[in-house]
file coords22.cif (mmCIF, C-alpha atoms, pLDDT in the B column; chains and numbers go by the auth columns)
data_start
loop_
_atom_site.group_PDB
_atom_site.id
_atom_site.type_symbol
_atom_site.label_atom_id
_atom_site.label_comp_id
_atom_site.label_asym_id
_atom_site.label_seq_id
_atom_site.Cartn_x
_atom_site.Cartn_y
_atom_site.Cartn_z
_atom_site.B_iso_or_equiv
_atom_site.auth_seq_id
_atom_site.auth_asym_id
ATOM 1 C CA MET A 1 -28.051 -5.519 5.009 64.00 1 A
ATOM 2 C CA VAL A 2 -24.338 -4.852 5.413 68.00 2 A
ATOM 3 C CA THR A 3 -23.655 -8.585 5.685 75.00 3 A
ATOM 4 C CA LEU A 4 -25.580 -9.244 2.491 81.00 4 A
ATOM 5 C CA PHE A 5 -23.696 -6.507 0.631 78.00 5 A
ATOM 6 C CA THR A 6 -20.341 -7.746 1.959 79.00 6 A
ATOM 7 C CA GLY A 7 -21.223 -11.284 0.932 81.00 7 A
ATOM 8 C CA LEU A 8 -22.005 -10.042 -2.579 84.00 8 A
ATOM 9 C CA VAL A 9 -18.672 -8.229 -2.718 82.00 9 A
ATOM 10 C CA PHE A 10 -16.937 -11.450 -1.634 84.00 10 A
ATOM 11 C CA ALA A 11 -18.799 -13.321 -4.377 87.00 11 A
ATOM 12 C CA VAL A 12 -17.625 -10.892 -7.060 85.00 12 A
ATOM 13 C CA VAL A 13 -14.052 -10.959 -5.754 82.00 13 A
ATOM 14 C CA TRP A 14 -14.179 -14.764 -5.660 87.00 14 A
ATOM 15 C CA ALA A 15 -15.389 -14.862 -9.262 87.00 15 A
ATOM 16 C CA ALA A 16 -12.626 -12.467 -10.323 84.00 16 A
ATOM 17 C CA VAL A 17 -9.939 -14.491 -8.568 83.00 17 A
ATOM 18 C CA THR A 18 -11.124 -17.846 -9.884 88.00 18 A
ATOM 19 C CA GLY A 19 -11.845 -16.490 -13.358 88.00 19 A
ATOM 20 C CA SER A 20 -15.336 -17.969 -13.569 89.00 20 A
ATOM 21 C CA LEU A 21 -18.564 -15.983 -13.539 88.00 21 A
ATOM 22 C CA SER A 22 -20.816 -19.048 -13.465 92.00 22 A
ATOM 23 C CA PRO A 23 -23.828 -18.842 -11.156 92.00 23 A
ATOM 24 C CA LEU A 24 -22.580 -21.806 -9.125 94.00 24 A
ATOM 25 C CA ASN A 25 -19.184 -20.160 -8.621 90.00 25 A
ATOM 26 C CA LEU A 26 -20.848 -16.898 -7.523 91.00 26 A
ATOM 27 C CA VAL A 27 -22.960 -18.803 -4.991 92.00 27 A
ATOM 28 C CA LEU A 28 -19.831 -20.550 -3.719 93.00 28 A
ATOM 29 C CA GLY A 29 -18.048 -17.179 -3.345 89.00 29 A
ATOM 30 C CA PHE A 30 -21.061 -15.750 -1.516 90.00 30 A
ATOM 31 C CA LEU A 31 -21.167 -18.700 0.896 93.00 31 A
ATOM 32 C CA LEU A 32 -17.425 -18.555 1.509 90.00 32 A
ATOM 33 C CA GLY A 33 -17.764 -14.834 2.189 86.00 33 A
ATOM 34 C CA LEU A 34 -20.521 -15.445 4.729 87.00 34 A
ATOM 35 C CA ILE A 35 -18.428 -18.140 6.422 88.00 35 A
ATOM 36 C CA ALA A 36 -15.460 -15.758 6.585 83.00 36 A
ATOM 37 C CA LEU A 37 -17.680 -13.059 8.098 80.00 37 A
ATOM 38 C CA TRP A 38 -19.022 -15.534 10.642 81.00 38 A
ATOM 39 C CA ILE A 39 -15.491 -16.556 11.659 80.00 39 A
ATOM 40 C CA ILE A 40 -14.313 -12.979 12.246 73.00 40 A
ATOM 41 C CA ARG A 41 -17.559 -11.646 13.738 71.00 41 A
ATOM 42 C CA ARG A 42 -16.122 -11.460 17.278 66.00 42 A
ATOM 43 C CA ASP A 43 -13.298 -9.192 16.142 59.00 43 A
ATOM 44 C CA PHE A 44 -15.737 -6.571 14.913 58.00 44 A
ATOM 45 C CA ALA A 45 -18.556 -6.941 17.434 58.00 45 A
ATOM 46 C CA GLY A 46 -19.454 -3.587 18.935 58.00 46 A
ATOM 47 C CA THR A 47 -17.011 -1.585 16.837 61.00 47 A
ATOM 48 C CA ARG A 48 -17.947 0.779 14.099 63.00 48 A
ATOM 49 C CA THR A 49 -15.384 1.740 11.526 66.00 49 A
ATOM 50 C CA VAL A 50 -16.285 4.563 9.213 72.00 50 A
ATOM 51 C CA VAL A 51 -14.443 4.103 5.946 72.00 51 A
ATOM 52 C CA ARG A 52 -13.940 7.171 3.812 81.00 52 A
ATOM 53 C CA PRO A 53 -13.342 5.892 0.266 81.00 53 A
ATOM 54 C CA PHE A 54 -11.537 8.985 -1.048 88.00 54 A
ATOM 55 C CA LYS A 55 -9.262 9.099 1.994 89.00 55 A
ATOM 56 C CA LEU A 56 -8.608 5.379 1.527 84.00 56 A
ATOM 57 C CA LEU A 57 -7.709 6.083 -2.091 89.00 57 A
ATOM 58 C CA SER A 58 -5.372 8.826 -0.864 92.00 58 A
ATOM 59 C CA LEU A 59 -3.709 6.253 1.416 91.00 59 A
ATOM 60 C CA LEU A 60 -3.289 3.910 -1.542 90.00 60 A
ATOM 61 C CA VAL A 61 -1.701 6.687 -3.630 93.00 61 A
ATOM 62 C CA LEU A 62 0.675 7.500 -0.755 94.00 62 A
ATOM 63 C CA PHE A 63 1.613 3.828 -0.444 92.00 63 A
ATOM 64 C CA VAL A 64 2.395 3.517 -4.161 92.00 64 A
ATOM 65 C CA LYS A 65 4.474 6.706 -3.995 95.00 65 A
ATOM 66 C CA GLU A 66 6.371 5.532 -0.900 94.00 66 A
ATOM 67 C CA LEU A 67 6.828 2.093 -2.447 91.00 67 A
ATOM 68 C CA ALA A 68 8.474 3.587 -5.537 93.00 68 A
ATOM 69 C CA LEU A 69 10.646 6.024 -3.581 94.00 69 A
ATOM 70 C CA SER A 70 11.774 3.394 -1.080 93.00 70 A
ATOM 71 C CA ALA A 71 12.532 0.884 -3.819 92.00 71 A
ATOM 72 C CA TRP A 72 14.662 3.511 -5.547 94.00 72 A
ATOM 73 C CA ARG A 73 16.521 4.387 -2.303 90.00 73 A
ATOM 74 C CA VAL A 74 17.216 0.726 -1.528 90.00 74 A
ATOM 75 C CA ALA A 75 18.407 0.092 -5.097 90.00 75 A
ATOM 76 C CA VAL A 76 20.775 3.059 -4.896 89.00 76 A
ATOM 77 C CA LEU A 77 22.097 1.889 -1.505 85.00 77 A
ATOM 78 C CA VAL A 78 22.680 -1.647 -2.723 84.00 78 A
ATOM 79 C CA ALA A 79 24.247 -0.587 -6.023 89.00 79 A
ATOM 80 C CA SER A 80 26.656 1.928 -4.487 87.00 80 A
ATOM 81 C CA PRO A 81 30.263 0.721 -4.172 89.00 81 A
ATOM 82 C CA LYS A 82 30.441 1.719 -0.521 85.00 82 A
ATOM 83 C CA MET A 83 27.254 0.683 1.253 80.00 83 A
ATOM 84 C CA ASP A 84 27.081 3.101 4.155 80.00 84 A
ATOM 85 C CA LEU A 85 24.247 1.371 5.989 84.00 85 A
ATOM 86 C CA ARG A 86 23.257 1.897 9.567 89.00 86 A
ATOM 87 C CA PRO A 87 20.527 -0.674 10.167 94.00 87 A
ATOM 88 C CA GLY A 88 18.620 -0.529 13.402 96.00 88 A
ATOM 89 C CA ILE A 89 15.377 -0.964 15.247 97.00 89 A
ATOM 90 C CA PHE A 90 13.405 1.924 16.690 97.00 90 A
ATOM 91 C CA ALA A 91 10.220 2.113 18.755 97.00 91 A
ATOM 92 C CA TYR A 92 7.515 4.073 16.982 98.00 92 A
ATOM 93 C CA PRO A 93 4.872 5.551 19.353 98.00 93 A
ATOM 94 C CA LEU A 94 1.445 4.637 17.989 98.00 94 A
ATOM 95 C CA LYS A 95 -1.438 7.073 17.672 97.00 95 A
ATOM 96 C CA VAL A 96 -3.624 4.371 16.145 95.00 96 A
ATOM 97 C CA ASP A 97 -5.142 2.054 18.737 91.00 97 A
ATOM 98 C CA ARG A 98 -7.533 -0.360 17.044 88.00 98 A
ATOM 99 C CA ASP A 99 -6.394 -3.736 15.742 86.00 99 A
ATOM 100 C CA ILE A 100 -7.307 -2.964 12.135 83.00 100 A
ATOM 101 C CA GLU A 101 -5.375 0.301 12.209 91.00 101 A
ATOM 102 C CA ILE A 102 -2.285 -1.179 13.857 94.00 102 A
ATOM 103 C CA THR A 103 -2.302 -4.119 11.455 91.00 103 A
ATOM 104 C CA LEU A 104 -2.701 -1.860 8.423 91.00 104 A
ATOM 105 C CA LEU A 105 0.123 0.423 9.572 96.00 105 A
ATOM 106 C CA ALA A 106 2.438 -2.516 10.304 95.00 106 A
ATOM 107 C CA ASN A 107 1.702 -4.083 6.915 93.00 107 A
ATOM 108 C CA LEU A 108 2.245 -0.837 5.003 94.00 108 A
ATOM 109 C CA ILE A 109 5.584 -0.358 6.750 96.00 109 A
ATOM 110 C CA THR A 110 6.608 -3.964 6.052 93.00 110 A
ATOM 111 C CA LEU A 111 5.617 -3.762 2.386 91.00 111 A
ATOM 112 C CA THR A 112 7.775 -0.676 1.900 92.00 112 A
ATOM 113 C CA PRO A 113 11.342 -1.666 0.913 92.00 113 A
ATOM 114 C CA GLY A 114 13.971 -0.964 3.544 92.00 114 A
ATOM 115 C CA THR A 115 11.626 -1.204 6.535 95.00 115 A
ATOM 116 C CA LEU A 116 10.089 -4.056 8.456 96.00 116 A
ATOM 117 C CA SER A 117 7.582 -4.099 11.315 97.00 117 A
ATOM 118 C CA VAL A 118 9.064 -6.342 13.967 97.00 118 A
ATOM 119 C CA ASP A 119 6.619 -6.346 16.881 97.00 119 A
ATOM 120 C CA VAL A 120 3.962 -4.428 18.782 97.00 120 A
ATOM 121 C CA SER A 121 4.508 -3.766 22.476 96.00 121 A
ATOM 122 C CA GLU A 122 2.304 -5.581 24.990 95.00 122 A
ATOM 123 C CA ASP A 123 0.491 -2.353 25.880 95.00 123 A
ATOM 124 C CA ARG A 124 -0.016 -1.602 22.141 95.00 124 A
ATOM 125 C CA ARG A 125 1.614 1.816 22.471 96.00 125 A
ATOM 126 C CA PHE A 126 4.728 1.120 20.371 97.00 126 A
ATOM 127 C CA LEU A 127 5.465 -0.508 17.042 97.00 127 A
ATOM 128 C CA TYR A 128 9.032 -1.748 16.684 98.00 128 A
ATOM 129 C CA VAL A 129 10.368 -1.082 13.202 98.00 129 A
ATOM 130 C CA HIS A 130 13.602 -2.298 11.629 97.00 130 A
ATOM 131 C CA ALA A 131 15.069 0.119 9.100 95.00 131 A
ATOM 132 C CA LEU A 132 17.831 -0.605 6.635 92.00 132 A
ATOM 133 C CA ASP A 133 19.179 2.898 7.246 88.00 133 A
ATOM 134 C CA CYS A 134 18.409 4.010 10.775 91.00 134 A
ATOM 135 C CA SER A 135 20.869 6.899 10.895 90.00 135 A
ATOM 136 C CA ASP A 136 18.039 9.324 11.760 92.00 136 A
ATOM 137 C CA PRO A 137 15.275 7.520 13.713 94.00 137 A
ATOM 138 C CA ALA A 138 13.505 10.801 14.502 96.00 138 A
ATOM 139 C CA ALA A 139 13.062 11.529 10.797 94.00 139 A
ATOM 140 C CA ALA A 140 11.812 7.991 10.166 95.00 140 A
ATOM 141 C CA LYS A 141 9.268 8.355 12.982 97.00 141 A
ATOM 142 C CA GLN A 142 8.158 11.714 11.583 97.00 142 A
ATOM 143 C CA ASP A 143 7.745 10.209 8.101 96.00 143 A
ATOM 144 C CA ILE A 144 5.504 7.447 9.471 97.00 144 A
ATOM 145 C CA ALA A 145 3.480 9.872 11.605 97.00 145 A
ATOM 146 C CA THR A 146 2.840 12.386 8.824 97.00 146 A
ATOM 147 C CA GLY A 147 2.465 9.737 6.141 96.00 147 A
ATOM 148 C CA PHE A 148 0.906 6.340 6.685 96.00 148 A
ATOM 149 C CA GLU A 149 -0.457 6.860 10.200 97.00 149 A
ATOM 150 C CA ARG A 150 -2.107 10.203 9.439 97.00 150 A
ATOM 151 C CA LYS A 151 -3.718 8.778 6.277 95.00 151 A
ATOM 152 C CA ILE A 152 -4.961 5.708 8.176 93.00 152 A
ATOM 153 C CA LEU A 153 -6.544 7.910 10.839 93.00 153 A
ATOM 154 C CA GLU A 154 -8.196 10.037 8.145 92.00 154 A
ATOM 155 C CA ALA A 155 -9.486 7.025 6.215 88.00 155 A
ATOM 156 C CA LEU A 156 -10.799 4.883 9.085 82.00 156 A
ATOM 157 C CA ARG A 157 -12.167 7.314 11.666 79.00 157 A
#
call {"tool": "encode", "arguments": {"input": "coords22.cif", "output": "structure tokens"}}
result
Amino acid sequence: MVTLFTGLVFAVVWAAVTGSLSPLNLVLGFLLGLIALWIIRRDFAGTRTVVRPFKLLSLLVLFVKELALSAWRVAVLVASPKMDLRPGIFAYPLKVDRDIEITLLANLITLTPGTLSVDVSEDRRFLYVHALDCSDPAAAKQDIATGFERKILEALR
């Protein structure tokens, strides 16, 4: 039942992206969705992820807020006559442990101006993050922990 519903969602998304609501295009989107689900089936076998839509929406709102604030900070840094930058890389200790959570956290950090996810440690306990201004790594770690990571844990567990 879930596969059928997900395939239907893929079909609607496919129709929206291609701009055609023809029956043939919807069938094509549905089939492509089923193929995509078949390809990634091993990654989700045996795992159950409970998605809380309102918490996910809260994560999206936080991301948009952080995106705007970070873009403003980077613009101010770049436009200032004396760029007092202290770039650096710090190791962020992960509380999230599943692939989907780590990937989502790394992508949210990378999409925020001024930060970039560099790598995940072999034991998956640390995420290495490059920051444009790394003058206070402890504060940056605290921002990630109380922001993106907390919202991800609320939305996906």
call {"tool": "resolve_selection", "arguments": {"input": "coords22.cif", "expression": "the PyMOL selection byres ((chain A and resi 112) around 12)", "output": "MDAnalysis selection string"}}
result
chainID A and resid 62:74 105:111 113:117 129:132 144 148
call {"tool": "write_last_selection", "arguments": {"input": "coords22.cif", "atoms": "C-alpha atoms", "output": "PDB file, in the frame of the given file"}}
result
ATOM      1  CA  LEU A  62       0.675   7.500  -0.755  1.00 94.00           C
ATOM      2  CA  PHE A  63       1.613   3.828  -0.444  1.00 92.00           C
ATOM      3  CA  VAL A  64       2.395   3.517  -4.161  1.00 92.00           C
ATOM      4  CA  LYS A  65       4.474   6.706  -3.995  1.00 95.00           C
ATOM      5  CA  GLU A  66       6.371   5.532  -0.900  1.00 94.00           C
ATOM      6  CA  LEU A  67       6.828   2.093  -2.447  1.00 91.00           C
ATOM      7  CA  ALA A  68       8.474   3.587  -5.537  1.00 93.00           C
ATOM      8  CA  LEU A  69      10.646   6.024  -3.581  1.00 94.00           C
ATOM      9  CA  SER A  70      11.774   3.394  -1.080  1.00 93.00           C
ATOM     10  CA  ALA A  71      12.532   0.884  -3.819  1.00 92.00           C
ATOM     11  CA  TRP A  72      14.662   3.511  -5.547  1.00 94.00           C
ATOM     12  CA  ARG A  73      16.521   4.387  -2.303  1.00 90.00           C
ATOM     13  CA  VAL A  74      17.216   0.726  -1.528  1.00 90.00           C
ATOM     14  CA  LEU A 105       0.123   0.423   9.572  1.00 96.00           C
ATOM     15  CA  ALA A 106       2.438  -2.516  10.304  1.00 95.00           C
ATOM     16  CA  ASN A 107       1.702  -4.083   6.915  1.00 93.00           C
ATOM     17  CA  LEU A 108       2.245  -0.837   5.003  1.00 94.00           C
ATOM     18  CA  ILE A 109       5.584  -0.358   6.750  1.00 96.00           C
ATOM     19  CA  THR A 110       6.608  -3.964   6.052  1.00 93.00           C
ATOM     20  CA  LEU A 111       5.617  -3.762   2.386  1.00 91.00           C
ATOM     21  CA  PRO A 113      11.342  -1.666   0.913  1.00 92.00           C
ATOM     22  CA  GLY A 114      13.971  -0.964   3.544  1.00 92.00           C
ATOM     23  CA  THR A 115      11.626  -1.204   6.535  1.00 95.00           C
ATOM     24  CA  LEU A 116      10.089  -4.056   8.456  1.00 96.00           C
ATOM     25  CA  SER A 117       7.582  -4.099  11.315  1.00 97.00           C
ATOM     26  CA  VAL A 129      10.368  -1.082  13.202  1.00 98.00           C
ATOM     27  CA  HIS A 130      13.602  -2.298  11.629  1.00 97.00           C
ATOM     28  CA  ALA A 131      15.069   0.119   9.100  1.00 95.00           C
ATOM     29  CA  LEU A 132      17.831  -0.605   6.635  1.00 92.00           C
ATOM     30  CA  ILE A 144       5.504   7.447   9.471  1.00 97.00           C
ATOM     31  CA  PHE A 148       0.906   6.340   6.685  1.00 96.00           C
TER      32      PHE A 148
END
call {"tool": "residues_around", "arguments": {"input": "coords22.cif", "residues": "Leu4 of chain A", "least_positions_apart": "4", "cutoff": "12 Å", "atoms": "only C-alpha atoms", "output": "number ranges by chain"}}
result
A: 8-11, 30-31, 33-34, 37
call {"tool": "write_last_selection", "arguments": {"input": "coords22.cif", "atoms": "C-alpha atoms", "output": "tab-separated table (two decimals), in the frame of the given file"}}
result
chain	number	residue	atom	x	y	z
A	8	LEU	CA	-22.00	-10.04	-2.58
A	9	VAL	CA	-18.67	-8.23	-2.72
A	10	PHE	CA	-16.94	-11.45	-1.63
A	11	ALA	CA	-18.80	-13.32	-4.38
A	30	PHE	CA	-21.06	-15.75	-1.52
A	31	LEU	CA	-21.17	-18.70	0.90
A	33	GLY	CA	-17.76	-14.83	2.19
A	34	LEU	CA	-20.52	-15.44	4.73
A	37	LEU	CA	-17.68	-13.06	8.10
call {"tool": "residues_around", "arguments": {"input": "coords22.cif", "residues": "Asp136 of chain A", "least_positions_apart": "2", "cutoff": "12 Å", "atoms": "all atoms listed in the file", "output": "compact mmCIF listing (two decimals) with C-alpha atoms, keeping the file's coordinate frame"}}
result
# COMPACT_ATOMS: atom_id res chain seq x y z
CA LEU A 85 24.25 1.37 5.99
CA ARG A 86 23.26 1.90 9.57
CA PRO A 87 20.53 -0.67 10.17
CA GLY A 88 18.62 -0.53 13.40
CA ILE A 89 15.38 -0.96 15.25
CA PHE A 90 13.40 1.92 16.69
CA ALA A 131 15.07 0.12 9.10
CA LEU A 132 17.83 -0.60 6.64
CA ASP A 133 19.18 2.90 7.25
CA CYS A 134 18.41 4.01 10.78
CA ALA A 138 13.50 10.80 14.50
CA ALA A 139 13.06 11.53 10.80
CA ALA A 140 11.81 7.99 10.17
CA LYS A 141 9.27 8.36 12.98
CA GLN A 142 8.16 11.71 11.58
CA ASP A 143 7.74 10.21 8.10
call {"tool": "residues_around", "arguments": {"input": "coords22.cif", "residues": "Ala155 of chain A", "least_positions_apart": "5", "cutoff": "9 Å", "atoms": "only C-alpha atoms", "output": "number ranges by chain"}}
result
A: 50-59, 150
call {"tool": "axis_aligned_box", "arguments": {"input": "coords22.cif", "around": "segment 89-103 of chain A", "padding_each_side": "8 Å", "output": "lines of an AutoDock Vina configuration file"}}
result
center_x = 3.9
center_y = 1.5
center_z = 15.4
size_x = 38.9
size_y = 27.2
size_z = 23.9
call {"tool": "atom_distance", "arguments": {"input": "coords22.cif", "atom1": "atom CA of Leu104 of chain A", "atom2": "atom CA of Ile152 of chain A"}}
result
7.9 Å
call {"tool": "resolve_selection", "arguments": {"input": "coords22.cif", "expression": "the PyMOL selection byres ((chain A and resi 121) around 12)", "output": "list of chain:residue names"}}
result
A:Ala91, A:Tyr92, A:Pro93, A:Leu94, A:Asp97, A:Ile102, A:Ser117, A:Val118, A:Asp119, A:Val120, A:Glu122, A:Asp123, A:Arg124, A:Arg125, A:Phe126, A:Leu127, A:Tyr128, A:Val129
call {"tool": "residues_around", "arguments": {"input": "coords22.cif", "residues": "segment 21-26 of chain A", "least_positions_apart": "5", "cutoff": "8 Å", "atoms": "all atoms listed in the file", "output": "number ranges by chain"}}
result
A: 11-12, 14-16
call {"tool": "atom_distance", "arguments": {"input": "coords22.cif", "atom1": "atom CA of Leu153 of chain A", "atom2": "atom CA of Val96 of chain A"}}
result
7.0 Å
call {"tool": "atom_distance", "arguments": {"input": "coords22.cif", "atom1": "atom CA of Arg41 of chain A", "atom2": "atom CA of Arg98 of chain A"}}
result
15.5 Å
call {"tool": "closest_residue", "arguments": {"input": "coords22.cif", "among": "A:Ser80, A:Ser20, A:Leu32, A:Val61", "to": "Gly7 of chain A", "atoms": "all atoms listed in the file"}}
result
A:Leu32
call {"tool": "build_atoms", "arguments": {"input": "coords22.cif", "residues": "segment 112-128 of chain A", "atoms": "N, CA, C and O atoms", "output": "JSON list (two decimals), in the frame of the given file"}}
result
[["chain", "number", "residue", "atom", "x", "y", "z"],
["A", 112, "THR", "N", 6.91, -1.71, 2.45],
["A", 112, "THR", "CA", 7.78, -0.68, 1.90],
["A", 112, "THR", "C", 9.22, -1.15, 1.99],
["A", 112, "THR", "O", 9.69, -1.50, 3.07],
["A", 113, "PRO", "N", 9.95, -1.18, 0.88],
["A", 113, "PRO", "CA", 11.34, -1.67, 0.91],
["A", 113, "PRO", "C", 12.21, -0.87, 1.89],
["A", 113, "PRO", "O", 12.12, 0.35, 1.97],
["A", 114, "GLY", "N", 13.04, -1.59, 2.61],
["A", 114, "GLY", "CA", 13.97, -0.96, 3.54],
["A", 114, "GLY", "C", 13.45, -0.89, 4.96],
["A", 114, "GLY", "O", 14.19, -0.52, 5.87],
["A", 115, "THR", "N", 12.19, -1.22, 5.18],
["A", 115, "THR", "CA", 11.63, -1.20, 6.54],
["A", 115, "THR", "C", 10.86, -2.49, 6.80],
["A", 115, "THR", "O", 10.38, -3.14, 5.87],
["A", 116, "LEU", "N", 10.77, -2.83, 8.06],
["A", 116, "LEU", "CA", 10.09, -4.06, 8.46],
["A", 116, "LEU", "C", 9.49, -3.86, 9.84],
["A", 116, "LEU", "O", 10.19, -3.46, 10.77],
["A", 117, "SER", "N", 8.21, -4.13, 9.99],
["A", 117, "SER", "CA", 7.58, -4.10, 11.32],
["A", 117, "SER", "C", 7.99, -5.37, 12.04],
["A", 117, "SER", "O", 7.79, -6.46, 11.53],
["A", 118, "VAL", "N", 8.54, -5.20, 13.23],
["A", 118, "VAL", "CA", 9.06, -6.34, 13.97],
["A", 118, "VAL", "C", 8.07, -6.84, 15.00],
["A", 118, "VAL", "O", 7.79, -8.03, 15.08],
["A", 119, "ASP", "N", 7.50, -5.94, 15.79],
["A", 119, "ASP", "CA", 6.62, -6.35, 16.88],
["A", 119, "ASP", "C", 5.81, -5.15, 17.36],
["A", 119, "ASP", "O", 6.15, -4.00, 17.09],
["A", 120, "VAL", "N", 4.76, -5.44, 18.10],
["A", 120, "VAL", "CA", 3.96, -4.43, 18.78],
["A", 120, "VAL", "C", 4.13, -4.67, 20.27],
["A", 120, "VAL", "O", 4.11, -5.82, 20.72],
["A", 121, "SER", "N", 4.32, -3.61, 21.04],
["A", 121, "SER", "CA", 4.51, -3.77, 22.48],
["A", 121, "SER", "C", 3.25, -4.35, 23.12],
["A", 121, "SER", "O", 2.15, -4.26, 22.56],
["A", 122, "GLU", "N", 3.43, -4.95, 24.28],
["A", 122, "GLU", "CA", 2.30, -5.58, 24.99],
["A", 122, "GLU", "C", 1.17, -4.59, 25.25],
["A", 122, "GLU", "O", 0.00, -4.95, 25.18],
["A", 123, "ASP", "N", 1.52, -3.35, 25.58],
["A", 123, "ASP", "CA", 0.49, -2.35, 25.88],
["A", 123, "ASP", "C", -0.05, -1.66, 24.61],
["A", 123, "ASP", "O", -0.88, -0.77, 24.70],
["A", 124, "ARG", "N", 0.44, -2.09, 23.44],
["A", 124, "ARG", "CA", -0.02, -1.60, 22.14],
["A", 124, "ARG", "C", 0.23, -0.11, 21.95],
["A", 124, "ARG", "O", -0.48, 0.56, 21.23],
["A", 125, "ARG", "N", 1.27, 0.40, 22.61],
["A", 125, "ARG", "CA", 1.61, 1.82, 22.47],
["A", 125, "ARG", "C", 2.78, 2.05, 21.53],
["A", 125, "ARG", "O", 3.00, 3.17, 21.09],
["A", 126, "PHE", "N", 3.54, 0.98, 21.22],
["A", 126, "PHE", "CA", 4.73, 1.12, 20.37],
["A", 126, "PHE", "C", 4.76, 0.03, 19.30],
["A", 126, "PHE", "O", 4.40, -1.11, 19.57],
["A", 127, "LEU", "N", 5.21, 0.43, 18.13],
["A", 127, "LEU", "CA", 5.46, -0.51, 17.04],
["A", 127, "LEU", "C", 6.97, -0.49, 16.82],
["A", 127, "LEU", "O", 7.56, 0.58, 16.61],
["A", 128, "TYR", "N", 7.59, -1.66, 16.89],
["A", 128, "TYR", "CA", 9.03, -1.75, 16.68],
["A", 128, "TYR", "C", 9.29, -1.96, 15.20],
["A", 128, "TYR", "O", 8.75, -2.88, 14.59]]
